[in-house]
Structure formats: structure tokens, C-alpha cells
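As stored in work_14.cif (mmCIF, C-alpha atoms):
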```
data_upload
#
loop_
_atom_site.label_atom_id
_atom_site.label_comp_id
_atom_site.auth_asym_id
_atom_site.auth_seq_id
_atom_site.Cartn_x
_atom_site.Cartn_y
_atom_site.Cartn_z
CA GLN A 4 17.76 2.74 3.98
CA VAL A 5 14.14 1.83 4.67
CA HIS A 6 12.80 -1.68 5.14
CA LEU A 7 9.11 -2.42 4.49
CA VAL A 8 7.31 -5.57 5.65
CA GLU A 9 3.75 -6.34 4.60
CA SER A 10 1.35 -8.63 6.45
CA GLY A 11 -2.33 -9.49 6.52
CA GLY A 12 -2.76 -11.24 3.19
CA GLY A 13 -4.61 -14.51 2.83
CA LEU A 14 -7.53 -16.36 1.31
CA VAL A 15 -10.99 -14.85 1.54
CA GLU A 16 -14.34 -15.45 -0.14
CA THR A 17 -15.98 -12.98 -2.50
CA GLY A 18 -17.50 -10.14 -0.52
CA GLY A 19 -15.15 -10.63 2.39
CA SER A 20 -12.62 -8.26 3.94
CA LEU A 21 -8.91 -8.17 4.68
CA ARG A 22 -6.66 -5.57 6.29
CA LEU A 23 -3.11 -5.31 5.03
CA SER A 24 -0.40 -3.71 7.12
CA CYS A 25 3.02 -2.43 6.09
CA ALA A 26 5.54 -1.71 8.82
CA ALA A 27 8.47 0.55 8.00
CA SER A 28 11.81 0.46 9.78
CA GLY A 29 15.18 2.11 9.33
CA ARG A 30 15.37 5.74 8.17
CA THR A 31 11.66 6.24 8.55
CA PHE A 32 11.99 9.97 9.26
CA ASN A 33 12.65 10.41 5.55
CA ILE A 34 9.46 8.69 4.42
CA TYR A 35 6.78 10.92 2.94
CA PRO A 36 4.34 9.52 0.33
CA MET A 37 3.40 5.85 0.71
CA GLY A 38 1.27 3.59 -1.40
CA TRP A 39 -0.01 0.15 -2.29
CA PHE A 40 0.34 -1.61 -5.62
CA ARG A 41 -0.65 -5.07 -6.76
CA GLN A 42 0.42 -7.53 -9.42
CA ALA A 43 -1.61 -10.43 -10.71
CA PRO A 44 -0.01 -13.34 -12.60
CA GLY A 45 0.89 -12.35 -16.14
CA LYS A 46 0.01 -8.70 -15.55
CA GLU A 47 1.96 -5.55 -14.85
CA ARG A 48 2.14 -4.03 -11.41
CA GLU A 49 -0.74 -1.60 -10.96
CA PHE A 50 -1.51 1.26 -8.61
CA VAL A 51 -4.06 0.60 -5.86
CA ALA A 52 -3.91 3.45 -3.34
CA ALA A 53 -1.61 6.20 -2.09
CA ILE A 54 -1.44 8.48 0.92
CA SER A 55 0.43 11.63 1.83
CA TRP A 56 2.72 11.94 4.86
CA SER A 57 0.04 13.61 6.97
CA GLY A 58 -2.69 11.24 5.80
CA GLY A 59 -4.73 14.23 4.68
CA SER A 60 -4.51 13.37 0.99
CA THR A 61 -5.33 10.00 -0.54
CA ALA A 62 -5.80 8.58 -4.02
CA TYR A 63 -7.34 5.33 -5.28
CA ALA A 64 -7.53 3.37 -8.48
CA ASP A 65 -11.01 3.44 -9.98
CA SER A 66 -11.25 -0.32 -9.59
CA VAL A 67 -11.03 -0.13 -5.78
CA LYS A 68 -12.60 3.25 -5.05
CA GLY A 69 -15.36 2.92 -2.46
CA ARG A 70 -14.16 -0.54 -1.37
CA PHE A 71 -10.57 0.03 -0.17
CA THR A 72 -9.31 2.54 2.39
CA ILE A 73 -5.68 3.53 2.92
CA SER A 74 -4.48 5.00 6.20
CA ARG A 75 -1.22 5.45 8.09
CA ASP A 76 0.12 5.81 11.60
CA ASN A 77 3.24 7.98 11.86
CA ALA A 78 3.74 7.51 15.58
CA LYS A 79 7.40 7.00 16.53
CA ASN A 80 7.17 3.29 17.14
CA LYS A 81 4.55 2.59 14.50
CA ASN A 82 5.42 3.96 11.05
CA THR A 83 2.76 1.75 9.51
CA VAL A 84 0.49 2.09 6.51
CA TYR A 85 -2.73 0.09 6.22
CA LEU A 86 -5.04 -1.00 3.43
CA GLN A 87 -8.55 -1.97 4.51
CA MET A 88 -10.11 -4.02 1.73
CA ASP A 89 -13.85 -4.63 1.78
CA SER A 90 -16.29 -6.20 -0.69
CA LEU A 91 -13.45 -8.16 -2.21
CA LYS A 92 -13.79 -9.63 -5.68
CA PRO A 93 -11.90 -12.42 -7.46
CA THR A 94 -10.35 -9.72 -9.67
CA ASP A 95 -8.62 -8.34 -6.55
CA THR A 96 -6.50 -11.50 -6.38
CA ALA A 97 -2.85 -10.48 -6.62
CA VAL A 98 0.36 -9.98 -4.71
CA TYR A 99 0.06 -6.66 -2.88
CA TYR A 100 3.15 -4.49 -2.42
CA CYS A 101 3.74 -1.60 -0.07
CA ALA A 102 5.90 1.31 -1.24
CA ALA A 103 7.50 4.35 0.36
CA ASP A 104 9.29 7.41 -1.00
CA GLU A 105 11.73 10.02 0.32
CA ASP A 106 10.46 12.84 -1.90
CA TRP A 107 9.27 15.43 0.60
CA GLY A 108 8.13 17.71 -2.23
CA THR A 109 5.50 15.33 -3.58
CA ILE A 110 2.27 14.71 -1.72
CA ILE A 111 0.91 11.70 -3.61
CA ILE A 112 2.59 9.22 -5.95
CA THR A 113 0.42 6.95 -8.11
CA THR A 114 3.15 5.55 -10.36
CA PRO A 115 5.53 2.67 -9.48
CA THR A 116 8.47 5.04 -9.01
CA TYR A 117 8.79 4.76 -5.25
CA ASP A 118 12.21 4.51 -3.62
CA TYR A 119 11.44 1.48 -1.44
CA TRP A 120 9.28 -1.63 -1.82
CA GLY A 121 8.17 -4.46 0.43
CA GLN A 122 8.41 -8.13 -0.47
CA GLY A 123 4.68 -8.46 -1.10
CA THR A 124 1.79 -10.35 0.46
CA GLN A 125 -0.58 -12.66 -1.41
CA VAL A 126 -4.30 -11.89 -1.47
CA THR A 127 -6.57 -14.54 -2.97
CA VAL A 128 -10.30 -14.04 -3.34
CA SER A 129 -12.30 -17.16 -4.12
CA SER A 130 -15.48 -17.05 -6.16
#
```
Would you encode the structure as C-alpha cells?
Amino acid sequence: QVHLVESGGGLVETGGSLRLSCAASGRTFNIYPMGWFRQAPGKEREFVAAISWSGGSTAYADSVKGRFTISRDNAKNKNTVYLQMDSLKPTDTAVYYCAADEDWGTIIITTPTYDYWGQGTQVTVSS
């Protein structure tokens, strides 16, 4: 079992920045692809960014490309994935979820089919 805990959400003005973190614990040696999704009120959960185990491959939704950066630290006592969010817009307001998967054969996952999910962290961008 893997436990994911997000942090770093909050209230920020348009154009501001936030850095989300997602710490993984438990059977972290089985974690390969990781990603971030978000869900705004009344909307479906949508893909934001994904990263491979090595960090060498990444993918982004068109809506965040050039503004958000995903990275990860696989050090033994870290096992953390980050989402640096710059030039934030009110449309980025949502609950952001971290996800992890045990599929070693897949480099990147952009669909909400991950094995494990965090509880979410609220990001609110004021206009």
C-alpha cells in the first residue's frame, strides 16, 4: 500500500506562484509513473501533469504548458513529487490531487487510472 499526502496549496493572486508537494510513504519502491490532476467545482477531474520514474519524461495539459513544471525526488527518504505553478490564473482554481502507479511498464500516465491518490489540496487564485 502507498500513502500520498499533498501540501502547498493556498490562496494566491492572479500571476502568482505556488509549489505543491506530494510525499509518498509505504511501498514506495513499487511506484513508477506519478502525476497531478485537478478538479474544480462541478467539473470532472482533469489531467495536469505527469512524470516518469526517472524524471526524464514529462507530460502537461495544454492549459498549463509553459506555466507549470513537474519534478520528483526519488531519494530514499524523500519519495516526493512537486508541481511548480507559475503565472497562475483564476481558471487554475481547483483541488489538486497527486497520483502514483505501480505499473513499471508504463512511462507516463495522463488518464485518471492511477493506483493511488492523495486527499487533495485546495488552490485558489483570486482575480
To verify the selection step, state as an mmCIF file with C-alpha atoms, keeping the file's coordinate frame which residues the PyMOL selection byres ((chain A and resi 43) around 10) yields on this input.
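File expr.cif, as written:
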```cif
data_model
loop_
_atom_site.group_PDB
_atom_site.id
_atom_site.type_symbol
_atom_site.label_atom_id
_atom_site.label_comp_id
_atom_site.auth_asym_id
_atom_site.auth_seq_id
_atom_site.Cartn_x
_atom_site.Cartn_y
_atom_site.Cartn_z
ATOM 1 C CA ARG A 41 -0.650 -5.070 -6.760
ATOM 2 C CA GLN A 42 0.420 -7.530 -9.420
ATOM 3 C CA PRO A 44 -0.010 -13.340 -12.600
ATOM 4 C CA GLY A 45 0.890 -12.350 -16.140
ATOM 5 C CA LYS A 46 0.010 -8.700 -15.550
ATOM 6 C CA GLU A 47 1.960 -5.550 -14.850
ATOM 7 C CA ARG A 48 2.140 -4.030 -11.410
ATOM 8 C CA GLU A 49 -0.740 -1.600 -10.960
ATOM 9 C CA THR A 94 -10.350 -9.720 -9.670
ATOM 10 C CA ASP A 95 -8.620 -8.340 -6.550
ATOM 11 C CA THR A 96 -6.500 -11.500 -6.380
ATOM 12 C CA ALA A 97 -2.850 -10.480 -6.620
ATOM 13 C CA VAL A 98 0.360 -9.980 -4.710
ATOM 14 C CA TYR A 99 0.060 -6.660 -2.880
ATOM 15 C CA GLN A 125 -0.580 -12.660 -1.410
ATOM 16 C CA VAL A 126 -4.300 -11.890 -1.470
#
```
- request: Go through the shown structure with the PyMOL selection byres ((chain A and resi 130) around 12) and write out the matching residues as a PyMOL selection string.
  value: chain A and resi 14-19+91-96+127-129
Could you turn the residues from that selection into a file that holds C-alpha atoms, as a short mmCIF file (atom, residue, chain, number, x, y, z; two decimals), in the frame of the given file?
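Final file, again.cif:
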```cif
data_model
loop_
_atom_site.label_atom_id
_atom_site.label_comp_id
_atom_site.auth_asym_id
_atom_site.auth_seq_id
_atom_site.Cartn_x
_atom_site.Cartn_y
_atom_site.Cartn_z
CA LEU A 14 -7.53 -16.36 1.31
CA VAL A 15 -10.99 -14.85 1.54
CA GLU A 16 -14.34 -15.45 -0.14
CA THR A 17 -15.98 -12.98 -2.50
CA GLY A 18 -17.50 -10.14 -0.52
CA GLY A 19 -15.15 -10.63 2.39
CA LEU A 91 -13.45 -8.16 -2.21
CA LYS A 92 -13.79 -9.63 -5.68
CA PRO A 93 -11.90 -12.42 -7.46
CA THR A 94 -10.35 -9.72 -9.67
CA ASP A 95 -8.62 -8.34 -6.55
CA THR A 96 -6.50 -11.50 -6.38
CA THR A 127 -6.57 -14.54 -2.97
CA VAL A 128 -10.30 -14.04 -3.34
CA SER A 129 -12.30 -17.16 -4.12
#
```
- request: Just say which residues the PyMOL selection byres ((chain A and resi 69) around 12) picks in this file, as a ChimeraX atom specification.
  value: /A:52,62-68,70-73,87-91
task: Extract, using all atoms listed in the file, all DNA, RNA and protein residues at most 10 Å from range 76-81 of chain A, discarding same-chain residues fewer than 6 positions from it, and format them as JSON, numbers by chain.
output: {"A": [25, 26, 27, 28, 31, 32, 34, 56, 57, 58]}
task: Kindly indicate which residue among A:Cys101, A:Ile111, A:Leu7, A:Ile54 lies nearest to Phe40 in chain A, using all atoms listed in the file for the distances.
output: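 That would be A:Cys101, the residue with the smallest distance to Phe40 in chain A.
CA of Ala102 in chain A is found 7.5 Å from CA of Asp118 in chain A.
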- request: Give as a ChimeraX atom specification the set of residues within 8 Å of the point (13.1, 13.8, 0.3), where distances use the file's coordinates and only C-alpha atoms.
  value: /A:33-35,104-108
query: Smallest atom-to-atom distance to Val51 in chain A: which of A:Gln4, A:Tyr100, A:Arg30, A:Gly11, using only C-alpha atoms?
result: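 With only C-alpha atoms as the atom set, the closest residue is A:Tyr100.
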